Amino acid sequence: MSIKIEMLRCFCTVAQTGSLAEAADRLGRTQSAISMTLRQLEDHLGKRLFEGERKNRLSPLGEQVFELSLRQVRQFEQTVRSIESAADASQGLIRIVSVPSVAAILFPSVLEHMTRTFPGVKVELRDTDTQQVLDALAQGKADVGIASSQHPLNGVTPTRLFEDRFGLVCAADHPLMTRGKPPRISDVAEAPFIRNALCDLIKTPSLVDAIRNTEVTIHNTHSLITMVRTGNWVTVLPETVARFIPETTAFRPISDLPDKREVCLYVRERTRFRDLTNECANFILRTDLG
């Protein structure tokens with residue numbers, strides 16, 4: 001017997017709900033069918049995925065299988081949506097994925113331009129981190145991508161869009177923001193600091209050393225800004241972010257931090273709708289993002 005995606009979906013639903021009855025209701029199947037599917041999966045693996053019969057507690061193996069299975073189920077669902085969208089795109093389809101700090105600035109104008117220029121076109125927009133932008137391009141799940149730094153990808157052409165400097169981001173009334181002289185790295189290091197994924201692009205040794213053992217890391221930009229707005233935390237982000245942060249939060253250069261983030265446009269060389277991809281890429285290149 002081979003493991004099928006419906007087995008993984010069934011297992012994930014039971015693991016999430018902790019109940020055969022609730023899982024059966026969500027999946028539109030009988031409890032006996034759900035139970036049989038779980039038993040087939042466990043028989044194939046030769047190990048129990050749940051502790052006890054109530055299905056409300058995963059075994060150590062079950063926890064690992066749940067993490068792996070959920071990832072595959074989500075990917076499969078995304079693939080199905082993409083296939084259905086592509087099949088229904090009689091007027092064309094353009095898929096754009098970008099890092100959040102650029103997406104917040106670019107997506108509204110790109111959407112307006114593409115839908116006005118190509119009436120009836122389908123547009124898919126997604127914001128995520130640089131690695132997932134690159135993965136989407138490499139896997140053919142995006143036609144155009146915007147990510148930090150240049151990375152070689154087979155079948156994808158990168159073009160530098162702009163650079164923006166890193167600086168302090170914190171509450172607008174934070175002492176490091178309101179004092180007369182610009183902050184230095186040593187000042188930032190003394191404040192409660194939240195690390196974010198873009199910090200990995202910074203190469204200045206003094207800041208790298210200062211934040212190496214930071215206890216708090218937040219990957220979601222919105223959550224990060226929400227935390228620094230409290231006035232209790234500071235972080236370091238590219239200046240582009242300052243375009244969409246709330247007024248209660250501010251950006252300020254750090255006098256001895258020269259690092260800049262490079263932002264690049266990535267375009268797949270082979271796409272289903274070449275004219276849409278070219279027009280989208282050219283529009284982005286014409287747009288002032290720096």
# chains A, B, ... in the order shown; residues from 1 in each chain; ligands from 1
$ closest_atom_pairs --of "range 168-217 of chain A" --to "range 120-140 of chain A" --cutoff "12 Å" --atoms "only C-alpha atoms" --output "JSON lines"
{"residue": "A:Asn196", "atom": "CA", "partner": "A:Asp129", "partner_atom": "CA", "distance": 11.0}
{"residue": "A:Ala197", "atom": "CA", "partner": "A:Asp129", "partner_atom": "CA", "distance": 8.3}
{"residue": "A:Leu198", "atom": "CA", "partner": "A:Asp129", "partner_atom": "CA", "distance": 9.2}
{"residue": "A:Asp200", "atom": "CA", "partner": "A:Thr130", "partner_atom": "CA", "distance": 11.5}
{"residue": "A:Leu201", "atom": "CA", "partner": "A:Thr130", "partner_atom": "CA", "distance": 11.2}
$ residues_around --residues "Pro152 in chain A" --least-positions-apart "4" --cutoff "10 Å" --atoms "only C-alpha atoms" --output "ChimeraX atom specification"
/A:134,156-158,266
$ residues_around --residues "Lys47 in chain A" --least-positions-apart "6" --cutoff "12 Å" --atoms "only C-alpha atoms" --output "PyMOL selection string"
chain A and resi 38-41+58-62+65
$ atom_distance --atom1 "CA of Gly167 in chain A" --atom2 "CA of Phe251 in chain A"
6.5 Å
$ select_by_dssp --residues "range 103-216 of chain A" --states "strand (DSSP E)" --output "JSON, numbers by chain"
{"A": [122, 123, 124, 125, 126, 127, 144, 145, 146, 147, 148, 156, 157, 158, 159, 160, 161, 162, 163, 164, 165, 166, 167, 168, 169, 170, 171, 194, 195, 216]}
$ atom_distance --atom1 "CA of Phe166 in chain A" --atom2 "CA of Thr204 in chain A"
11.0 Å
$ residues_around --residues "Ser101 in chain A" --least-positions-apart "5" --cutoff "8 Å" --atoms "only C-alpha atoms" --output "list in words"
Thr221, Thr240 and Val241 of chain A
$ closest_residue --among "A:Ser82, A:Gly52, A:Arg74, A:Cys170" --to "Thr230 in chain A" --atoms "only C-alpha atoms"
A:Cys170
$ closest_residue --among "A:Ser109, A:Ser255, A:Thr115, A:Ala104" --to "Ala242 in chain A" --atoms "only C-alpha atoms"
A:Ala104
$ atom_distance --atom1 "CA of Gln75 in chain A" --atom2 "CA of Gln16 in chain A"
17.3 Å
$ residues_around --residues "Thr37 in chain A" --least-positions-apart "3" --cutoff "9 Å" --atoms "only C-alpha atoms" --output "ChimeraX atom specification"
/A:6-7,10-11,32-34,40-42
$ select_by_dssp --residues "range 15-56 of chain A" --states "helix (DSSP H, G or I)" --output "list in words"
Ala15, Gln16, Thr17, Leu20, Ala21, Glu22, Ala23, Ala24, Asp25, Arg26, Leu27, Gln31, Ser32, Ala33, Ile34, Ser35, Met36, Thr37, Leu38, Arg39, Gln40, Leu41, Glu42, Asp43, His44 and Leu45 of chain A
$ write_last_selection --atoms "N, CA and C atoms" --output "PDB file, in the first residue's frame"
ATOM      1  N   ALA A  15      -5.589  14.986  13.926  1.00  0.00           N
ATOM      2  CA  ALA A  15      -4.587  15.526  14.841  1.00  0.00           C
ATOM      3  C   ALA A  15      -4.938  16.945  15.263  1.00  0.00           C
ATOM      4  N   GLN A  16      -5.487  17.725  14.347  1.00  0.00           N
ATOM      5  CA  GLN A  16      -5.836  19.115  14.650  1.00  0.00           C
ATOM      6  C   GLN A  16      -7.059  19.209  15.551  1.00  0.00           C
ATOM      7  N   THR A  17      -8.046  18.360  15.302  1.00  0.00           N
ATOM      8  CA  THR A  17      -9.294  18.434  16.065  1.00  0.00           C
ATOM      9  C   THR A  17      -9.259  17.608  17.339  1.00  0.00           C
ATOM     10  N   LEU A  20     -12.342  12.042  16.319  1.00  0.00           N
ATOM     11  CA  LEU A  20     -12.778  11.373  15.103  1.00  0.00           C
ATOM     12  C   LEU A  20     -14.084  11.972  14.587  1.00  0.00           C
ATOM     13  N   ALA A  21     -14.982  12.285  15.513  1.00  0.00           N
ATOM     14  CA  ALA A  21     -16.291  12.827  15.113  1.00  0.00           C
ATOM     15  C   ALA A  21     -16.136  14.180  14.434  1.00  0.00           C
ATOM     16  N   GLU A  22     -15.324  15.060  15.009  1.00  0.00           N
ATOM     17  CA  GLU A  22     -15.136  16.382  14.433  1.00  0.00           C
ATOM     18  C   GLU A  22     -14.422  16.286  13.086  1.00  0.00           C
ATOM     19  N   ALA A  23     -13.416  15.405  13.009  1.00  0.00           N
ATOM     20  CA  ALA A  23     -12.693  15.220  11.753  1.00  0.00           C
ATOM     21  C   ALA A  23     -13.630  14.686  10.670  1.00  0.00           C
ATOM     22  N   ALA A  24     -14.487  13.733  11.027  1.00  0.00           N
ATOM     23  CA  ALA A  24     -15.432  13.171  10.068  1.00  0.00           C
ATOM     24  C   ALA A  24     -16.386  14.244   9.556  1.00  0.00           C
ATOM     25  N   ASP A  25     -16.825  15.124  10.463  1.00  0.00           N
ATOM     26  CA  ASP A  25     -17.732  16.193  10.076  1.00  0.00           C
ATOM     27  C   ASP A  25     -17.049  17.164   9.112  1.00  0.00           C
ATOM     28  N   ARG A  26     -15.800  17.520   9.394  1.00  0.00           N
ATOM     29  CA  ARG A  26     -15.078  18.454   8.527  1.00  0.00           C
ATOM     30  C   ARG A  26     -14.819  17.875   7.151  1.00  0.00           C
ATOM     31  N   LEU A  27     -14.524  16.583   7.103  1.00  0.00           N
ATOM     32  CA  LEU A  27     -14.160  15.951   5.835  1.00  0.00           C
ATOM     33  C   LEU A  27     -15.352  15.368   5.092  1.00  0.00           C
ATOM     34  N   GLN A  31     -17.268   8.324  10.676  1.00  0.00           N
ATOM     35  CA  GLN A  31     -16.209   8.065  11.660  1.00  0.00           C
ATOM     36  C   GLN A  31     -15.508   6.743  11.367  1.00  0.00           C
ATOM     37  N   SER A  32     -16.261   5.747  10.934  1.00  0.00           N
ATOM     38  CA  SER A  32     -15.654   4.447  10.652  1.00  0.00           C
ATOM     39  C   SER A  32     -14.671   4.541   9.484  1.00  0.00           C
ATOM     40  N   ALA A  33     -15.000   5.375   8.481  1.00  0.00           N
ATOM     41  CA  ALA A  33     -14.097   5.549   7.347  1.00  0.00           C
ATOM     42  C   ALA A  33     -12.822   6.261   7.788  1.00  0.00           C
ATOM     43  N   ILE A  34     -12.967   7.268   8.654  1.00  0.00           N
ATOM     44  CA  ILE A  34     -11.794   7.981   9.170  1.00  0.00           C
ATOM     45  C   ILE A  34     -10.921   7.036   9.977  1.00  0.00           C
ATOM     46  N   SER A  35     -11.552   6.236  10.847  1.00  0.00           N
ATOM     47  CA  SER A  35     -10.817   5.291  11.685  1.00  0.00           C
ATOM     48  C   SER A  35     -10.069   4.267  10.834  1.00  0.00           C
ATOM     49  N   MET A  36     -10.717   3.782   9.778  1.00  0.00           N
ATOM     50  CA  MET A  36     -10.080   2.792   8.914  1.00  0.00           C
ATOM     51  C   MET A  36      -8.874   3.394   8.181  1.00  0.00           C
ATOM     52  N   THR A  37      -9.011   4.653   7.743  1.00  0.00           N
ATOM     53  CA  THR A  37      -7.905   5.312   7.042  1.00  0.00           C
ATOM     54  C   THR A  37      -6.705   5.476   7.968  1.00  0.00           C
ATOM     55  N   LEU A  38      -6.957   5.866   9.212  1.00  0.00           N
ATOM     56  CA  LEU A  38      -5.867   6.001  10.182  1.00  0.00           C
ATOM     57  C   LEU A  38      -5.200   4.651  10.441  1.00  0.00           C
ATOM     58  N   ARG A  39      -6.018   3.628  10.553  1.00  0.00           N
ATOM     59  CA  ARG A  39      -5.472   2.298  10.808  1.00  0.00           C
ATOM     60  C   ARG A  39      -4.601   1.837   9.638  1.00  0.00           C
ATOM     61  N   GLN A  40      -5.024   2.120   8.417  1.00  0.00           N
ATOM     62  CA  GLN A  40      -4.223   1.758   7.247  1.00  0.00           C
ATOM     63  C   GLN A  40      -2.878   2.486   7.257  1.00  0.00           C
ATOM     64  N   LEU A  41      -2.902   3.758   7.630  1.00  0.00           N
ATOM     65  CA  LEU A  41      -1.661   4.531   7.681  1.00  0.00           C
ATOM     66  C   LEU A  41      -0.726   3.984   8.754  1.00  0.00           C
ATOM     67  N   GLU A  42      -1.270   3.687   9.924  1.00  0.00           N
ATOM     68  CA  GLU A  42      -0.451   3.135  11.005  1.00  0.00           C
ATOM     69  C   GLU A  42       0.076   1.748  10.650  1.00  0.00           C
ATOM     70  N   ASP A  43      -0.744   0.930  10.002  1.00  0.00           N
ATOM     71  CA  ASP A  43      -0.296  -0.407   9.596  1.00  0.00           C
ATOM     72  C   ASP A  43       0.853  -0.302   8.599  1.00  0.00           C
ATOM     73  N   HIS A  44       0.757   0.659   7.691  1.00  0.00           N
ATOM     74  CA  HIS A  44       1.811   0.841   6.698  1.00  0.00           C
ATOM     75  C   HIS A  44       3.115   1.261   7.372  1.00  0.00           C
ATOM     76  N   LEU A  45       3.019   2.138   8.377  1.00  0.00           N
ATOM     77  CA  LEU A  45       4.215   2.617   9.066  1.00  0.00           C
ATOM     78  C   LEU A  45       4.722   1.616  10.104  1.00  0.00           C
TER      79      LEU A  45
END
$ residues_around --residues "range 276-278 of chain A" --least-positions-apart "4" --cutoff "10 Å" --atoms "only C-alpha atoms" --output "list in words"
Gly92, Leu93, Ile94, Arg95, Ile96, Met114, Thr117, Phe118, Val121, Asp143, Val144, Val267, Arg268, Glu269, Arg270, Thr271, Arg272, Asn282, Phe283 and Ile284 of chain A
$ write_last_selection --atoms "N, CA, C and O atoms" --output "short mmCIF file (atom, residue, chain, number, x, y, z; two decimals), in the first residue's frame"
data_model
loop_
_atom_site.label_atom_id
_atom_site.label_comp_id
_atom_site.auth_asym_id
_atom_site.auth_seq_id
_atom_site.Cartn_x
_atom_site.Cartn_y
_atom_site.Cartn_z
N GLY A 92 -5.66 35.11 -19.41
CA GLY A 92 -4.29 35.17 -18.96
C GLY A 92 -4.17 35.18 -17.45
O GLY A 92 -5.12 35.50 -16.72
N LEU A 93 -2.99 34.81 -16.97
CA LEU A 93 -2.72 34.73 -15.53
C LEU A 93 -1.31 35.21 -15.27
O LEU A 93 -0.37 34.80 -15.94
N ILE A 94 -1.14 36.09 -14.29
CA ILE A 94 0.17 36.54 -13.85
C ILE A 94 0.29 36.30 -12.35
O ILE A 94 -0.59 36.68 -11.58
N ARG A 95 1.38 35.63 -11.94
CA ARG A 95 1.58 35.29 -10.54
C ARG A 95 2.82 36.02 -10.03
O ARG A 95 3.91 35.84 -10.55
N ILE A 96 2.61 36.85 -8.99
CA ILE A 96 3.68 37.70 -8.48
C ILE A 96 3.87 37.40 -7.00
O ILE A 96 2.90 37.39 -6.23
N MET A 114 -2.08 46.11 -14.25
CA MET A 114 -2.28 44.88 -15.01
C MET A 114 -3.76 44.66 -15.34
O MET A 114 -4.10 44.22 -16.45
N THR A 117 -4.66 47.26 -18.06
CA THR A 117 -4.02 47.01 -19.36
C THR A 117 -4.55 45.74 -20.01
O THR A 117 -4.67 45.66 -21.24
N PHE A 118 -4.87 44.74 -19.19
CA PHE A 118 -5.36 43.45 -19.69
C PHE A 118 -6.69 43.11 -19.03
O PHE A 118 -6.72 42.35 -18.05
N VAL A 121 -7.79 39.71 -17.02
CA VAL A 121 -6.63 38.94 -16.58
C VAL A 121 -6.79 38.52 -15.12
O VAL A 121 -7.36 39.26 -14.31
N ASP A 143 5.58 33.78 -11.69
CA ASP A 143 6.17 34.28 -12.93
C ASP A 143 7.15 35.42 -12.65
O ASP A 143 8.17 35.56 -13.33
N VAL A 144 6.84 36.21 -11.65
CA VAL A 144 7.65 37.37 -11.27
C VAL A 144 7.85 37.35 -9.76
O VAL A 144 6.92 37.06 -9.01
N VAL A 267 12.52 37.28 -12.91
CA VAL A 267 11.52 36.99 -13.94
C VAL A 267 11.81 35.62 -14.55
O VAL A 267 12.93 35.37 -15.01
N ARG A 268 10.83 34.75 -14.52
CA ARG A 268 11.00 33.44 -15.15
C ARG A 268 11.10 33.60 -16.67
O ARG A 268 10.35 34.36 -17.28
N GLU A 269 12.05 32.87 -17.25
CA GLU A 269 12.28 32.99 -18.70
C GLU A 269 11.22 32.26 -19.50
O GLU A 269 10.97 32.61 -20.66
N ARG A 270 10.61 31.24 -18.93
CA ARG A 270 9.54 30.51 -19.61
C ARG A 270 8.27 30.60 -18.78
O ARG A 270 8.20 30.09 -17.67
N THR A 271 7.27 31.28 -19.32
CA THR A 271 5.98 31.39 -18.64
C THR A 271 4.87 31.14 -19.66
O THR A 271 5.07 31.28 -20.87
N ARG A 272 3.72 30.81 -19.16
CA ARG A 272 2.60 30.50 -20.05
C ARG A 272 2.13 31.74 -20.80
O ARG A 272 1.81 31.69 -21.98
N ASN A 282 8.30 44.99 -16.80
CA ASN A 282 8.66 46.33 -17.27
C ASN A 282 8.00 47.42 -16.43
O ASN A 282 8.61 48.46 -16.16
N PHE A 283 6.77 47.17 -16.01
CA PHE A 283 6.09 48.15 -15.15
C PHE A 283 6.82 48.29 -13.82
O PHE A 283 7.03 49.41 -13.32
N ILE A 284 7.23 47.17 -13.24
CA ILE A 284 7.94 47.20 -11.96
C ILE A 284 9.26 47.96 -12.12
O ILE A 284 9.65 48.76 -11.27
#
$ residues_around --residues "Ile194 in chain A" --least-positions-apart "6" --cutoff "6 Å" --atoms "only C-alpha atoms" --output "compact mmCIF listing (two decimals) with N, CA, C and O atoms, in the first residue's frame"
# COMPACT_ATOMS: atom_id res chain seq x y z
N VAL A 216 14.69 37.11 21.42
CA VAL A 216 13.39 37.21 20.75
C VAL A 216 13.60 37.40 19.25
O VAL A 216 14.33 38.31 18.83
N THR A 217 12.96 36.57 18.44
CA THR A 217 12.98 36.69 16.99
C THR A 217 11.55 36.67 16.47
O THR A 217 10.77 35.80 16.86
N THR A 235 14.27 47.36 16.84
CA THR A 235 14.76 46.42 15.84
C THR A 235 15.49 47.19 14.76
O THR A 235 15.56 48.43 14.79
$ closest_residue --among "A:Leu168, A:Cys264, A:Ala87, A:Cys280" --to "Asp187 in chain A" --atoms "only C-alpha atoms"
A:Leu168
$ decode --residues "range 96-194 of chain A" --atoms "C-alpha atoms" --output "PDB file, in the first residue's frame"
ATOM      1  CA  ILE A  96       3.677  37.697  -8.483  1.00  0.00           C
ATOM      2  CA  VAL A  97       5.409  36.924  -5.200  1.00  0.00           C
ATOM      3  CA  SER A  98       7.380  39.459  -3.159  1.00  0.00           C
ATOM      4  CA  VAL A  99       8.981  40.130   0.185  1.00  0.00           C
ATOM      5  CA  PRO A 100       6.413  41.971   2.374  1.00  0.00           C
ATOM      6  CA  SER A 101       8.246  45.305   2.654  1.00  0.00           C
ATOM      7  CA  VAL A 102       8.161  45.765  -1.140  1.00  0.00           C
ATOM      8  CA  ALA A 103       4.770  44.106  -1.647  1.00  0.00           C
ATOM      9  CA  ALA A 104       3.098  46.720   0.553  1.00  0.00           C
ATOM     10  CA  ILE A 105       4.383  49.467  -1.752  1.00  0.00           C
ATOM     11  CA  LEU A 106       4.187  47.725  -5.123  1.00  0.00           C
ATOM     12  CA  PHE A 107       1.140  45.454  -5.159  1.00  0.00           C
ATOM     13  CA  PRO A 108      -1.580  48.160  -5.347  1.00  0.00           C
ATOM     14  CA  SER A 109      -0.059  49.853  -8.409  1.00  0.00           C
ATOM     15  CA  VAL A 110       0.814  46.552 -10.135  1.00  0.00           C
ATOM     16  CA  LEU A 111      -2.712  45.241  -9.646  1.00  0.00           C
ATOM     17  CA  GLU A 112      -4.258  48.433 -11.005  1.00  0.00           C
ATOM     18  CA  HIS A 113      -1.921  48.532 -14.008  1.00  0.00           C
ATOM     19  CA  MET A 114      -2.281  44.881 -15.011  1.00  0.00           C
ATOM     20  CA  THR A 115      -6.073  44.753 -14.686  1.00  0.00           C
ATOM     21  CA  ARG A 116      -6.454  48.019 -16.612  1.00  0.00           C
ATOM     22  CA  THR A 117      -4.021  47.011 -19.359  1.00  0.00           C
ATOM     23  CA  PHE A 118      -5.357  43.447 -19.694  1.00  0.00           C
ATOM     24  CA  PRO A 119      -9.100  43.382 -18.883  1.00  0.00           C
ATOM     25  CA  GLY A 120     -10.154  39.980 -17.572  1.00  0.00           C
ATOM     26  CA  VAL A 121      -6.626  38.936 -16.585  1.00  0.00           C
ATOM     27  CA  LYS A 122      -6.254  36.905 -13.402  1.00  0.00           C
ATOM     28  CA  VAL A 123      -3.651  38.193 -10.936  1.00  0.00           C
ATOM     29  CA  GLU A 124      -2.232  36.209  -8.026  1.00  0.00           C
ATOM     30  CA  LEU A 125      -0.307  38.210  -5.404  1.00  0.00           C
ATOM     31  CA  ARG A 126       1.566  36.674  -2.485  1.00  0.00           C
ATOM     32  CA  ASP A 127       3.963  38.143   0.058  1.00  0.00           C
ATOM     33  CA  THR A 128       6.482  35.942   1.842  1.00  0.00           C
ATOM     34  CA  ASP A 129      10.154  35.772   2.788  1.00  0.00           C
ATOM     35  CA  THR A 130      13.041  35.713   0.316  1.00  0.00           C
ATOM     36  CA  GLN A 131      13.604  31.954   0.438  1.00  0.00           C
ATOM     37  CA  GLN A 132       9.982  31.198  -0.359  1.00  0.00           C
ATOM     38  CA  VAL A 133      10.020  33.770  -3.167  1.00  0.00           C
ATOM     39  CA  LEU A 134      12.961  31.910  -4.703  1.00  0.00           C
ATOM     40  CA  ASP A 135      11.289  28.531  -4.137  1.00  0.00           C
ATOM     41  CA  ALA A 136       8.113  29.687  -5.878  1.00  0.00           C
ATOM     42  CA  LEU A 137      10.100  30.857  -8.898  1.00  0.00           C
ATOM     43  CA  ALA A 138      12.222  27.706  -9.065  1.00  0.00           C
ATOM     44  CA  GLN A 139       9.133  25.478  -8.812  1.00  0.00           C
ATOM     45  CA  GLY A 140       7.223  27.377 -11.479  1.00  0.00           C
ATOM     46  CA  LYS A 141       4.641  28.675  -9.004  1.00  0.00           C
ATOM     47  CA  ALA A 142       5.400  32.339  -9.760  1.00  0.00           C
ATOM     48  CA  ASP A 143       6.171  34.283 -12.927  1.00  0.00           C
ATOM     49  CA  VAL A 144       7.647  37.369 -11.273  1.00  0.00           C
ATOM     50  CA  GLY A 145       9.369  37.630  -7.901  1.00  0.00           C
ATOM     51  CA  ILE A 146      10.921  40.334  -5.754  1.00  0.00           C
ATOM     52  CA  ALA A 147      13.429  39.326  -3.100  1.00  0.00           C
ATOM     53  CA  SER A 148      16.403  40.543  -1.112  1.00  0.00           C
ATOM     54  CA  SER A 149      19.851  40.105  -2.711  1.00  0.00           C
ATOM     55  CA  GLN A 150      20.772  38.379  -5.964  1.00  0.00           C
ATOM     56  CA  HIS A 151      20.619  34.603  -6.077  1.00  0.00           C
ATOM     57  CA  PRO A 152      21.367  32.456  -9.137  1.00  0.00           C
ATOM     58  CA  LEU A 153      18.317  30.499 -10.324  1.00  0.00           C
ATOM     59  CA  ASN A 154      18.218  28.343 -13.426  1.00  0.00           C
ATOM     60  CA  GLY A 155      15.713  29.712 -15.937  1.00  0.00           C
ATOM     61  CA  VAL A 156      15.180  32.942 -13.966  1.00  0.00           C
ATOM     62  CA  THR A 157      16.640  36.371 -14.833  1.00  0.00           C
ATOM     63  CA  PRO A 158      17.511  38.680 -11.909  1.00  0.00           C
ATOM     64  CA  THR A 159      17.657  42.479 -12.183  1.00  0.00           C
ATOM     65  CA  ARG A 160      18.693  44.855  -9.423  1.00  0.00           C
ATOM     66  CA  LEU A 161      15.826  47.184  -8.463  1.00  0.00           C
ATOM     67  CA  PHE A 162      17.224  49.331  -5.657  1.00  0.00           C
ATOM     68  CA  GLU A 163      19.163  49.445  -2.424  1.00  0.00           C
ATOM     69  CA  ASP A 164      17.995  50.824   0.891  1.00  0.00           C
ATOM     70  CA  ARG A 165      19.933  51.307   4.080  1.00  0.00           C
ATOM     71  CA  PHE A 166      19.301  49.575   7.351  1.00  0.00           C
ATOM     72  CA  GLY A 167      18.361  51.638  10.357  1.00  0.00           C
ATOM     73  CA  LEU A 168      16.667  51.712  13.731  1.00  0.00           C
ATOM     74  CA  VAL A 169      12.922  51.092  13.911  1.00  0.00           C
ATOM     75  CA  CYS A 170      11.158  51.709  17.207  1.00  0.00           C
ATOM     76  CA  ALA A 171       8.383  53.737  18.799  1.00  0.00           C
ATOM     77  CA  ALA A 172       8.379  57.373  17.657  1.00  0.00           C
ATOM     78  CA  ASP A 173       8.768  58.576  21.253  1.00  0.00           C
ATOM     79  CA  HIS A 174      11.571  56.128  22.140  1.00  0.00           C
ATOM     80  CA  PRO A 175      14.654  57.901  23.605  1.00  0.00           C
ATOM     81  CA  LEU A 176      16.846  56.658  20.738  1.00  0.00           C
ATOM     82  CA  MET A 177      14.421  58.307  18.293  1.00  0.00           C
ATOM     83  CA  THR A 178      13.901  61.631  20.070  1.00  0.00           C
ATOM     84  CA  ARG A 179      17.418  62.503  21.200  1.00  0.00           C
ATOM     85  CA  GLY A 180      19.476  64.983  19.218  1.00  0.00           C
ATOM     86  CA  LYS A 181      22.349  62.888  17.888  1.00  0.00           C
ATOM     87  CA  PRO A 182      21.803  59.779  15.737  1.00  0.00           C
ATOM     88  CA  PRO A 183      22.064  56.436  17.545  1.00  0.00           C
ATOM     89  CA  ARG A 184      25.115  54.221  17.239  1.00  0.00           C
ATOM     90  CA  ILE A 185      25.315  50.436  17.177  1.00  0.00           C
ATOM     91  CA  SER A 186      26.358  50.434  20.837  1.00  0.00           C
ATOM     92  CA  ASP A 187      23.146  52.321  21.720  1.00  0.00           C
ATOM     93  CA  VAL A 188      20.998  49.821  19.838  1.00  0.00           C
ATOM     94  CA  ALA A 189      22.812  46.917  21.492  1.00  0.00           C
ATOM     95  CA  GLU A 190      21.929  48.252  24.959  1.00  0.00           C
ATOM     96  CA  ALA A 191      18.197  48.395  24.209  1.00  0.00           C
ATOM     97  CA  PRO A 192      15.859  45.351  24.315  1.00  0.00           C
ATOM     98  CA  PHE A 193      16.242  44.080  20.743  1.00  0.00           C
ATOM     99  CA  ILE A 194      13.975  41.965  18.518  1.00  0.00           C
TER     100      ILE A 194
END
